[in-house]
Structure formats: structure tokens, C-alpha cells
Amino acid sequence: MIKIYTAPMAGVTDYTYRGILRGFSPDLVYTEMVSVNAMEHASAKTLRTVLRIHPGDAVQIFGHDPALIARCAKEIRAMGVRDIDLNCGCPMKKIVNAGNGAALLEKPELIRAILLEMRDALGADCNLSIKIRSAYKGEKKYLAAGKIAEEAKCSHITIHGRTREQMYTGLASWEPVRELKQEISIPVIGNGDLYTAEGVFQKAEESGADGVMLARGILGYPWLIRDIREYYAHGRVTTPVTDADRIGMALFHTRQAQKDNGDRTFVFELRKHLCWYLKGIKNSAFVKNRINQTEDYEEITGILEILKQETKADAGT
Ligand SMILES: Cc1cc2nc3c(=O)[nH]c(=O)nc-3n(C[C@H](O)[C@H](O)[C@H](O)COP(=O)(O)O)c2cc1C
């Protein structure tokens with residue numbers, strides 16, 4: 001069985017959604033990326049909000065200053081985290097122009113310096129990893145980064161088979177995953193365009209990847225983790241996800257978000273998750289519209305309860 005990791009996704013894999021993903025027992029769950037610059041200037045209280053973690057969560061950081069990164073990594077380790085990933089793949093202009101994310105791919109020596117300094121600060125009992133893209137400014141970058149990750153004794157490397165210039169468009173190529181797997185001895189995790197269990201199986205088989213990292217495929221569909229396990233065990237998905245499951249999860253997520261956040265406003269962050277869960281469900285366009293117009297927790301749960309009853313009645317006819 002391959003490893004199943006859930007991706008760092010800014011604005012998506014927040015504390016509540018990570019809790020839901022954990023319910024499906026993936027091998028590793030990543031936080032959203034965290035800026036080491038922001039960490040350095042944050043108060044202890046802000047830090048506890050930004051870095052609110054479930055036991056076992058892996059934290060992804062971004063930055064480019066080895067000493068600062070090492071200091072922050074040490075603080076993160078002190079919170080009980082055992083897996084820290086360095087973002088070497090974010091393609092956003094703001095990030096790249098500051099020398100972070102995918103811009104690091106242009107400076108493999110800097111990646112090496114960062115990883116070595118992190119290792120120095122953390123000792124051997126913390127897993128380090130990097131997440132990269134296949135190319136930057138039209139040049140293939142994954143082999144150099146892969147060799148450095150191997151040298152620095154990373155626990156794994158994740159490669160998203162899109163170039164920085166592709167951003168999130170076009171198809172991800174899994175050829176770099178296959179090539180990297182042949183060239184280095186540490187586990188290689190493939191990422192990009194993983195939407196179905198069958199697709200995951202094919203891409204993992206063809207590339208030889210040790211694991212997969214799920215990203216847009218789990219927006220509103222945490223069941224993809226279970227689907228993959230069933231596909232590997234039985235050659236097909238044996239537990240189909242129903243509309244009732246999706247509405248039930250939307251309700252669960254809403255209630256959990258309230259528990260997790262108390263009085264803090266959370267509806268804005270919640271809305272997108274609800275729209276993803278409800279995608280394709282009969283009568284859901286009207287419901288999504290209403291959810292997007294209210295900030296009231298009780299109203300949202302009320303709307304979802306009605307949709308649940310209507311869907312139950314429809315299924316019974
Ligand atoms: C909304 C969103 C936020 C993301 N945030 C991050 C992030 O914080 N760190 C990171 O390394 N990648 C981030 N990514 C990239 C994903 O982790 C993943 O590499 C990418 O979506 C490709 O996988 P996919 O084609 O299966 O979606 C983000 C992607 C999306 C869609």
C-alpha cells in the first residue's frame with residue numbers, strides 16, 4: 001500500500017478540516033503553509049492560532065533565511081511536531097518575488113544550507129522534507145533538489161508535476177515523479193491531479209511513487225482517502241459516497257467549526273467547504289446561495305437540516 005498524505009493548502013487545511021481528514025486516517029496531514037517571517041514577529045497568542053495543531057500534524061513552513069528557518073523549526077518542534085516541510089514549490093508572485101517557495105529551486109545550495117541548519121537545530125528525531133515543483137523559469141529543477149533532499153537525510157520529497165509557470169493550469173506530469181524515484185533512495189511522494197482512487201492507483205503504479213499527496217481532490221471530498229484504500233484492497237471502491245453522506249459531512253463540519261472556534265468568526269472560512277461538499281446535489285444551488293448570504297451559524301445548520309430531510313424524502317420515493 002502506498003502512503004497517503006494530505007497536502008498543505010492555504011485557506012483550506014485549517015484546524016477543523018484537518019480534524020475531518022484525520023477521521024479517514026491518512027498517513028500524514030499537513031497544515032497550511034506558515035511564514036517564518038510572520039512567525040518571528042507573532043505574539044505567543046497569534047502563534048497559537050496560526051499554528052493550532054492536532055497531535056501528529058505535519059507543519060509546512062516557507063522562507064529563505066537558514067538561521068531564521070532553523071529557529072522557527074525549533075519552536076515548532078517544541079510544540080510536539082515531528083514532521084516539518086520546507087515549501088519549495090509555491091508559485092505565487094508575492095511569495096516567489098520575496099525569494100521563497102518555488103524561487104528556492106533556482107538556488108539548490110540555499111535549499112541545502114536551510115536543510116542542514118534545520119537538521120542541526122532539530123537533531124535526528126524530527127522528520128524533514130521538501131515539497132517542490134518540476135521546473136522553474138523553464139528549467140528542470142527536480143533532480144538537483146532531490147539529490148539535496150537525499151543528502152540532507154529528508155524523510156521524503158514531494159513533487160508536484162507542474163512547472164512554476166504552469167501555476168495550477170494544464171495537466172501535472174508524473175514523469176518527474178518516475179525519474180526522481182529512479183535517481184534517489186529516499187521516498188518520493190507524487191502530487192498533482194489526483195481526483196479518483198483509480199487515477200491515484202494508475203499514477204502511482206506508472207511512476208513507482210512511494211506515496212501520493214492529495215490536494216484539490218479532497219476539496220469537499222475527504223472520502224478520497226477511504227476510496228484509495230478500498231481500491232487497493234478490492235480493485236474498486238466498495239463504499240460509494242451518497243448525497244446524504246455529503247450533507248451529513250457539511251453539517252458535521254459546521255458544528256465542528258463552531259466548537260473549534262467558539263465566538264471567533266468562522267463562517268467566511270466555512271462557506272467554501274460547504275459549497276464543495278454540496279456540489280452536484282439536487283436543490284443545492286439555492287442552499288449554497290443562502291449559505292453565502294448569511295453569517296448566522298444557526299441559520300446555516302437549519303438550512304442544511306432542511307436539505308438533509310428533502311434528500312432523505314427524495315431517496316425514499
Ligand atoms: C487553495 C490551495 C492552496 C494551496 N496552498 C499550498 C500551500 O500552502 N503549500 C503548498 O506547498 N502547496 C499549496 N498548494 C498546492 C497543493 O498542495 C498541490 O501541490 C497542488 O494543488 C497540486 O495538486 P492537485 O493538482 O492535486 O491539486 C495549494 C493548492 C490550492 C488549490
# chains A, B, ... in the order shown; residues from 1 in each chain; ligands from 1
$ residues_near_ligand --ligand "ligand 1" --cutoff "6 Å" --atoms "only C-alpha atoms and all ligand atoms" --output "number ranges by chain"
A: 7-10, 32-33, 87, 89-90, 160, 191-194, 214-217
$ residues_around --residues "A:Ala113" --least-positions-apart "3" --cutoff "12 Å" --atoms "only C-alpha atoms" --output "PyMOL selection string"
chain A and resi 64-70+104+107-110+116-120+148-149+151-152
$ write_last_selection --atoms "C-alpha atoms" --output "mmCIF file, in the first residue's frame"
data_model
loop_
_atom_site.group_PDB
_atom_site.id
_atom_site.type_symbol
_atom_site.label_atom_id
_atom_site.label_comp_id
_atom_site.auth_asym_id
_atom_site.auth_seq_id
_atom_site.Cartn_x
_atom_site.Cartn_y
_atom_site.Cartn_z
ATOM 1 C CA HIS A 64 14.581 31.527 2.737
ATOM 2 C CA ASP A 65 16.837 32.590 5.623
ATOM 3 C CA PRO A 66 18.528 29.445 7.003
ATOM 4 C CA ALA A 67 19.071 30.817 10.515
ATOM 5 C CA LEU A 68 15.521 32.165 10.851
ATOM 6 C CA ILE A 69 14.028 28.967 9.442
ATOM 7 C CA ALA A 70 16.078 26.865 11.862
ATOM 8 C CA LEU A 104 14.312 28.326 -3.913
ATOM 9 C CA LYS A 107 19.239 28.070 -5.574
ATOM 10 C CA PRO A 108 19.776 24.420 -4.691
ATOM 11 C CA GLU A 109 22.728 25.427 -2.496
ATOM 12 C CA LEU A 110 20.379 27.541 -0.395
ATOM 13 C CA LEU A 116 21.460 21.418 7.111
ATOM 14 C CA GLU A 117 20.779 24.253 9.515
ATOM 15 C CA MET A 118 17.347 22.815 10.313
ATOM 16 C CA ARG A 119 18.892 19.413 10.954
ATOM 17 C CA ASP A 120 21.492 20.994 13.210
ATOM 18 C CA ILE A 148 19.994 17.543 -1.869
ATOM 19 C CA ALA A 149 16.980 16.191 -0.003
ATOM 20 C CA GLU A 151 21.933 14.128 1.168
ATOM 21 C CA ALA A 152 20.202 16.030 3.975
#
$ residues_around --residues "A:Asn127" --least-positions-apart "2" --cutoff "6 Å" --atoms "only C-alpha atoms" --output "ChimeraX atom specification"
/A:82-83,155
$ closest_residue --among "A:Arg162, A:Pro176, A:Thr239, A:His234" --to "A:Gly208" --atoms "only C-alpha atoms"
A:Pro176
$ closest_residue --among "A:Phe268, A:Tyr195, A:Tyr142, A:Trp174" --to "A:Gln293" --atoms "only C-alpha atoms"
A:Phe268
$ atom_distance --atom1 "atom CA of A:Glu175" --atom2 "atom CA of A:Ser207"
6.9 Å
$ residues_around --residues "A:Tyr136" --least-positions-apart "5" --cutoff "8 Å" --atoms "only C-alpha atoms" --output "JSON, numbers by chain"
{"A": [102, 103, 105, 106, 141, 163, 164, 165]}
$ write_last_selection --atoms "C-alpha atoms" --output "PDB file, in the first residue's frame"
ATOM      1  CA  ALA A 102       9.461  27.893  -5.933  1.00  0.00           C
ATOM      2  CA  ALA A 103      12.181  30.585  -6.118  1.00  0.00           C
ATOM      3  CA  LEU A 105      14.536  25.878  -6.820  1.00  0.00           C
ATOM      4  CA  GLU A 106      16.875  28.315  -8.530  1.00  0.00           C
ATOM      5  CA  LYS A 141      14.962  21.539 -11.251  1.00  0.00           C
ATOM      6  CA  THR A 163       6.230  23.838 -13.500  1.00  0.00           C
ATOM      7  CA  ARG A 164       6.141  27.102 -11.574  1.00  0.00           C
ATOM      8  CA  GLU A 165       4.988  28.847 -14.754  1.00  0.00           C
TER       9      GLU A 165
END
$ select_by_dssp --residues "stretch 96-209 of chain A" --states "strand (DSSP E)" --output "number ranges by chain"
A: 127-133, 135-136, 139-140, 156-160, 188-191
$ write_last_selection --atoms "N, CA and C atoms" --output "compact mmCIF listing (two decimals), in the first residue's frame"
# COMPACT_ATOMS: atom_id res chain seq x y z
N ASN A 127 11.43 14.61 11.48
CA ASN A 127 11.45 14.34 10.05
C ASN A 127 11.43 15.65 9.27
N LEU A 128 12.36 15.79 8.34
CA LEU A 128 12.38 16.97 7.47
C LEU A 128 12.02 16.52 6.06
N SER A 129 11.39 17.43 5.33
CA SER A 129 11.07 17.10 3.93
C SER A 129 10.99 18.39 3.14
N ILE A 130 10.97 18.26 1.80
CA ILE A 130 10.72 19.44 0.96
C ILE A 130 9.62 19.10 -0.03
N LYS A 131 8.92 20.14 -0.45
CA LYS A 131 7.88 19.96 -1.48
C LYS A 131 8.25 20.88 -2.63
N ILE A 132 8.41 20.29 -3.81
CA ILE A 132 8.94 21.05 -4.94
C ILE A 132 8.01 20.99 -6.15
N ARG A 133 8.28 21.84 -7.10
CA ARG A 133 7.68 21.75 -8.45
C ARG A 133 8.72 21.18 -9.39
N ALA A 135 9.79 22.38 -12.40
CA ALA A 135 10.69 23.29 -13.12
C ALA A 135 10.43 24.73 -12.70
N TYR A 136 11.46 25.57 -12.92
CA TYR A 136 11.35 26.99 -12.60
C TYR A 136 12.00 27.75 -13.73
N GLU A 139 13.39 25.73 -16.61
CA GLU A 139 14.47 24.75 -16.42
C GLU A 139 14.07 23.68 -15.42
N LYS A 140 14.40 22.45 -15.80
CA LYS A 140 14.08 21.30 -14.95
C LYS A 140 14.91 21.40 -13.66
N HIS A 156 11.33 12.29 3.17
CA HIS A 156 10.74 12.11 1.84
C HIS A 156 10.83 13.42 1.09
N ILE A 157 10.53 13.36 -0.21
CA ILE A 157 10.40 14.58 -1.01
C ILE A 157 9.06 14.47 -1.74
N THR A 158 8.34 15.58 -1.78
CA THR A 158 7.09 15.58 -2.54
C THR A 158 7.29 16.41 -3.79
N ILE A 159 6.88 15.84 -4.92
CA ILE A 159 6.99 16.62 -6.16
C ILE A 159 5.63 16.79 -6.83
N HIS A 160 5.31 18.05 -7.07
CA HIS A 160 4.11 18.41 -7.82
C HIS A 160 4.56 18.55 -9.27
N VAL A 188 9.67 8.98 -2.46
CA VAL A 188 9.19 10.05 -3.35
C VAL A 188 7.65 10.03 -3.34
N ILE A 189 7.10 11.18 -3.01
CA ILE A 189 5.64 11.32 -2.94
C ILE A 189 5.18 12.13 -4.15
N GLY A 190 4.27 11.58 -4.92
CA GLY A 190 3.79 12.27 -6.14
C GLY A 190 2.55 13.10 -5.83
N ASN A 191 2.46 14.22 -6.53
CA ASN A 191 1.35 15.14 -6.31
C ASN A 191 0.94 15.76 -7.65
$ closest_residue --among "A:Thr311, A:Val200, A:Cys72, A:Leu86" --to "A:Gln60" --atoms "only C-alpha atoms"
A:Leu86
$ closest_atom_pairs --of "stretch 71-187 of chain A" --to "stretch 38-41 of chain A" --cutoff "12 Å" --atoms "only C-alpha atoms" --output "tab-separated table"
residue	atom	partner	partner_atom	distance
A:Arg71	CA	A:Glu40	CA	8.8
A:Cys72	CA	A:Met39	CA	7.1
A:Ala73	CA	A:Met39	CA	10.2
A:Lys74	CA	A:Met39	CA	11.8
A:Glu75	CA	A:Met39	CA	9.5
A:Ile76	CA	A:Met39	CA	9.9
$ atom_distance --atom1 "atom CA of A:Gly220" --atom2 "atom CA of A:Leu278"
7.9 Å
$ residues_around --residues "A:Thr13" --least-positions-apart "6" --cutoff "9 Å" --atoms "only C-alpha atoms" --output "list in words"
Thr6, Ala7, Leu21, Val29, Tyr30, Thr31 and Glu32 of chain A
$ select_by_dssp --residues "stretch 129-254 of chain A" --states "alpha helix (DSSP H)" --output "PyMOL selection string"
chain A and resi 142-151+175-183+197-207+224-234+243-254
$ write_last_selection --atoms "N, CA and C atoms" --output "compact mmCIF listing (two decimals), in the first residue's frame"
# COMPACT_ATOMS: atom_id res chain seq x y z
N TYR A 142 14.09 19.37 -10.60
CA TYR A 142 13.77 18.39 -9.55
C TYR A 142 14.92 17.46 -9.18
N LEU A 143 15.82 17.17 -10.16
CA LEU A 143 16.89 16.21 -9.81
C LEU A 143 17.86 16.81 -8.80
N ALA A 144 18.23 18.08 -9.02
CA ALA A 144 19.17 18.73 -8.08
C ALA A 144 18.54 18.81 -6.69
N ALA A 145 17.27 19.20 -6.64
CA ALA A 145 16.60 19.32 -5.33
C ALA A 145 16.48 17.95 -4.67
N GLY A 146 16.17 16.95 -5.47
CA GLY A 146 16.02 15.59 -4.96
C GLY A 146 17.31 15.06 -4.35
N LYS A 147 18.43 15.32 -5.04
CA LYS A 147 19.74 14.85 -4.54
C LYS A 147 20.06 15.53 -3.20
N ILE A 148 19.71 16.81 -3.12
CA ILE A 148 19.99 17.54 -1.87
C ILE A 148 19.12 17.01 -0.73
N ALA A 149 17.88 16.75 -1.03
CA ALA A 149 16.98 16.19 0.00
C ALA A 149 17.52 14.85 0.49
N GLU A 150 18.04 14.08 -0.44
CA GLU A 150 18.60 12.77 -0.09
C GLU A 150 19.82 12.95 0.82
N GLU A 151 20.71 13.85 0.39
CA GLU A 151 21.93 14.13 1.17
C GLU A 151 21.60 14.61 2.58
N GLU A 175 5.95 12.14 -15.03
CA GLU A 175 7.26 11.67 -15.47
C GLU A 175 8.37 12.08 -14.48
N PRO A 176 8.37 13.34 -13.98
CA PRO A 176 9.38 13.70 -12.98
C PRO A 176 9.31 12.84 -11.72
N VAL A 177 8.13 12.39 -11.36
CA VAL A 177 8.00 11.52 -10.18
C VAL A 177 8.74 10.20 -10.46
N ARG A 178 8.50 9.67 -11.66
CA ARG A 178 9.11 8.39 -12.05
C ARG A 178 10.65 8.52 -12.09
N GLU A 179 11.11 9.63 -12.70
CA GLU A 179 12.55 9.84 -12.85
C GLU A 179 13.23 10.01 -11.48
N LEU A 180 12.59 10.80 -10.63
CA LEU A 180 13.14 11.06 -9.30
C LEU A 180 13.23 9.74 -8.51
N LYS A 181 12.21 8.95 -8.66
CA LYS A 181 12.15 7.66 -7.95
C LYS A 181 13.35 6.79 -8.36
N GLN A 182 13.76 6.91 -9.64
CA GLN A 182 14.90 6.09 -10.10
C GLN A 182 16.25 6.66 -9.65
N GLU A 183 16.26 7.94 -9.37
CA GLU A 183 17.54 8.61 -9.11
C GLU A 183 17.91 8.73 -7.63
N ALA A 197 -9.78 7.34 -6.99
CA ALA A 197 -8.94 6.24 -6.49
C ALA A 197 -8.26 5.53 -7.66
N GLU A 198 -9.00 5.36 -8.75
CA GLU A 198 -8.44 4.68 -9.92
C GLU A 198 -7.28 5.49 -10.50
N GLY A 199 -7.48 6.80 -10.57
CA GLY A 199 -6.43 7.69 -11.09
C GLY A 199 -5.19 7.64 -10.20
N VAL A 200 -5.40 7.61 -8.91
CA VAL A 200 -4.28 7.53 -7.97
C VAL A 200 -3.52 6.22 -8.20
N PHE A 201 -4.27 5.12 -8.31
CA PHE A 201 -3.66 3.80 -8.50
C PHE A 201 -2.79 3.80 -9.76
N GLN A 202 -3.37 4.32 -10.87
CA GLN A 202 -2.64 4.31 -12.14
C GLN A 202 -1.37 5.16 -12.07
N LYS A 203 -1.51 6.36 -11.51
CA LYS A 203 -0.34 7.26 -11.47
C LYS A 203 0.74 6.69 -10.55
N ALA A 204 0.32 6.11 -9.44
CA ALA A 204 1.31 5.55 -8.50
C ALA A 204 2.00 4.33 -9.12
N GLU A 205 1.22 3.47 -9.81
CA GLU A 205 1.81 2.28 -10.44
C GLU A 205 2.81 2.68 -11.51
N GLU A 206 2.38 3.63 -12.37
CA GLU A 206 3.22 4.01 -13.51
C GLU A 206 4.50 4.72 -13.08
N SER A 207 4.42 5.47 -12.00
CA SER A 207 5.59 6.26 -11.59
C SER A 207 6.46 5.54 -10.57
N LEU A 224 -11.93 10.54 -0.44
CA LEU A 224 -10.95 10.03 -1.41
C LEU A 224 -9.91 9.13 -0.72
N ILE A 225 -9.61 9.46 0.55
CA ILE A 225 -8.62 8.65 1.29
C ILE A 225 -9.15 7.22 1.45
N ARG A 226 -10.42 7.11 1.86
CA ARG A 226 -11.03 5.77 2.02
C ARG A 226 -11.16 5.07 0.67
N ASP A 227 -11.56 5.83 -0.36
CA ASP A 227 -11.69 5.25 -1.71
C ASP A 227 -10.38 4.59 -2.15
N ILE A 228 -9.27 5.30 -1.89
CA ILE A 228 -7.97 4.77 -2.34
C ILE A 228 -7.67 3.45 -1.62
N ARG A 229 -7.90 3.45 -0.30
CA ARG A 229 -7.62 2.22 0.46
C ARG A 229 -8.48 1.07 -0.07
N GLU A 230 -9.76 1.35 -0.34
CA GLU A 230 -10.65 0.29 -0.85
C GLU A 230 -10.20 -0.18 -2.23
N TYR A 231 -9.77 0.76 -3.04
CA TYR A 231 -9.34 0.40 -4.40
C TYR A 231 -8.12 -0.53 -4.35
N TYR A 232 -7.19 -0.20 -3.45
CA TYR A 232 -6.01 -1.06 -3.33
C TYR A 232 -6.38 -2.44 -2.78
N ALA A 233 -7.36 -2.49 -1.89
CA ALA A 233 -7.72 -3.76 -1.26
C ALA A 233 -8.60 -4.62 -2.18
N HIS A 234 -9.51 -3.98 -2.94
CA HIS A 234 -10.53 -4.77 -3.68
C HIS A 234 -10.56 -4.50 -5.18
N ASP A 243 -25.41 11.33 -1.37
CA ASP A 243 -25.73 12.74 -1.11
C ASP A 243 -25.94 12.95 0.39
N ALA A 244 -26.56 11.95 1.04
CA ALA A 244 -26.79 12.06 2.49
C ALA A 244 -25.46 12.15 3.24
N ASP A 245 -24.47 11.39 2.78
CA ASP A 245 -23.14 11.47 3.41
C ASP A 245 -22.57 12.88 3.29
N ARG A 246 -22.74 13.44 2.09
CA ARG A 246 -22.16 14.77 1.84
C ARG A 246 -22.84 15.84 2.70
N ILE A 247 -24.15 15.75 2.78
CA ILE A 247 -24.87 16.75 3.59
C ILE A 247 -24.53 16.54 5.06
N GLY A 248 -24.45 15.27 5.46
CA GLY A 248 -24.08 14.95 6.84
C GLY A 248 -22.71 15.52 7.18
N MET A 249 -21.79 15.43 6.25
CA MET A 249 -20.43 15.95 6.50
C MET A 249 -20.45 17.47 6.56
N ALA A 250 -21.29 18.09 5.71
CA ALA A 250 -21.40 19.56 5.74
C ALA A 250 -21.90 20.01 7.12
N LEU A 251 -22.86 19.28 7.65
CA LEU A 251 -23.39 19.60 8.98
C LEU A 251 -22.33 19.37 10.06
N PHE A 252 -21.66 18.25 9.95
CA PHE A 252 -20.62 17.91 10.94
C PHE A 252 -19.52 18.97 10.93
N HIS A 253 -19.11 19.37 9.71
CA HIS A 253 -18.04 20.37 9.58
C HIS A 253 -18.47 21.70 10.21
N THR A 254 -19.74 22.07 9.96
CA THR A 254 -20.25 23.33 10.51
C THR A 254 -20.22 23.29 12.03
$ residues_around --residues "A:Glu298" --least-positions-apart "5" --cutoff "12 Å" --atoms "only C-alpha atoms" --output "list of chain:residue names"
A:Leu251, A:Thr254, A:Arg255, A:Gln258, A:Val267, A:Ile291, A:Ile303, A:Leu304, A:Glu305
$ write_last_selection --atoms "C-alpha atoms" --output "mmCIF file, in the first residue's frame"
data_model
loop_
_atom_site.group_PDB
_atom_site.id
_atom_site.type_symbol
_atom_site.label_atom_id
_atom_site.label_comp_id
_atom_site.auth_asym_id
_atom_site.auth_seq_id
_atom_site.Cartn_x
_atom_site.Cartn_y
_atom_site.Cartn_z
ATOM 1 C CA LEU A 251 -23.389 19.604 8.981
ATOM 2 C CA THR A 254 -20.252 23.333 10.509
ATOM 3 C CA ARG A 255 -20.774 22.087 14.077
ATOM 4 C CA GLN A 258 -18.234 26.234 15.845
ATOM 5 C CA VAL A 267 -18.441 31.383 8.705
ATOM 6 C CA ILE A 291 -25.364 29.979 2.922
ATOM 7 C CA ILE A 303 -30.711 25.223 6.000
ATOM 8 C CA LEU A 304 -28.572 22.095 5.931
ATOM 9 C CA GLU A 305 -31.052 20.171 8.123
#
$ residues_around --residues "A:Leu28" --least-positions-apart "5" --cutoff "7 Å" --atoms "only C-alpha atoms" --output "PyMOL selection string"
chain A and resi 4-6+57-58
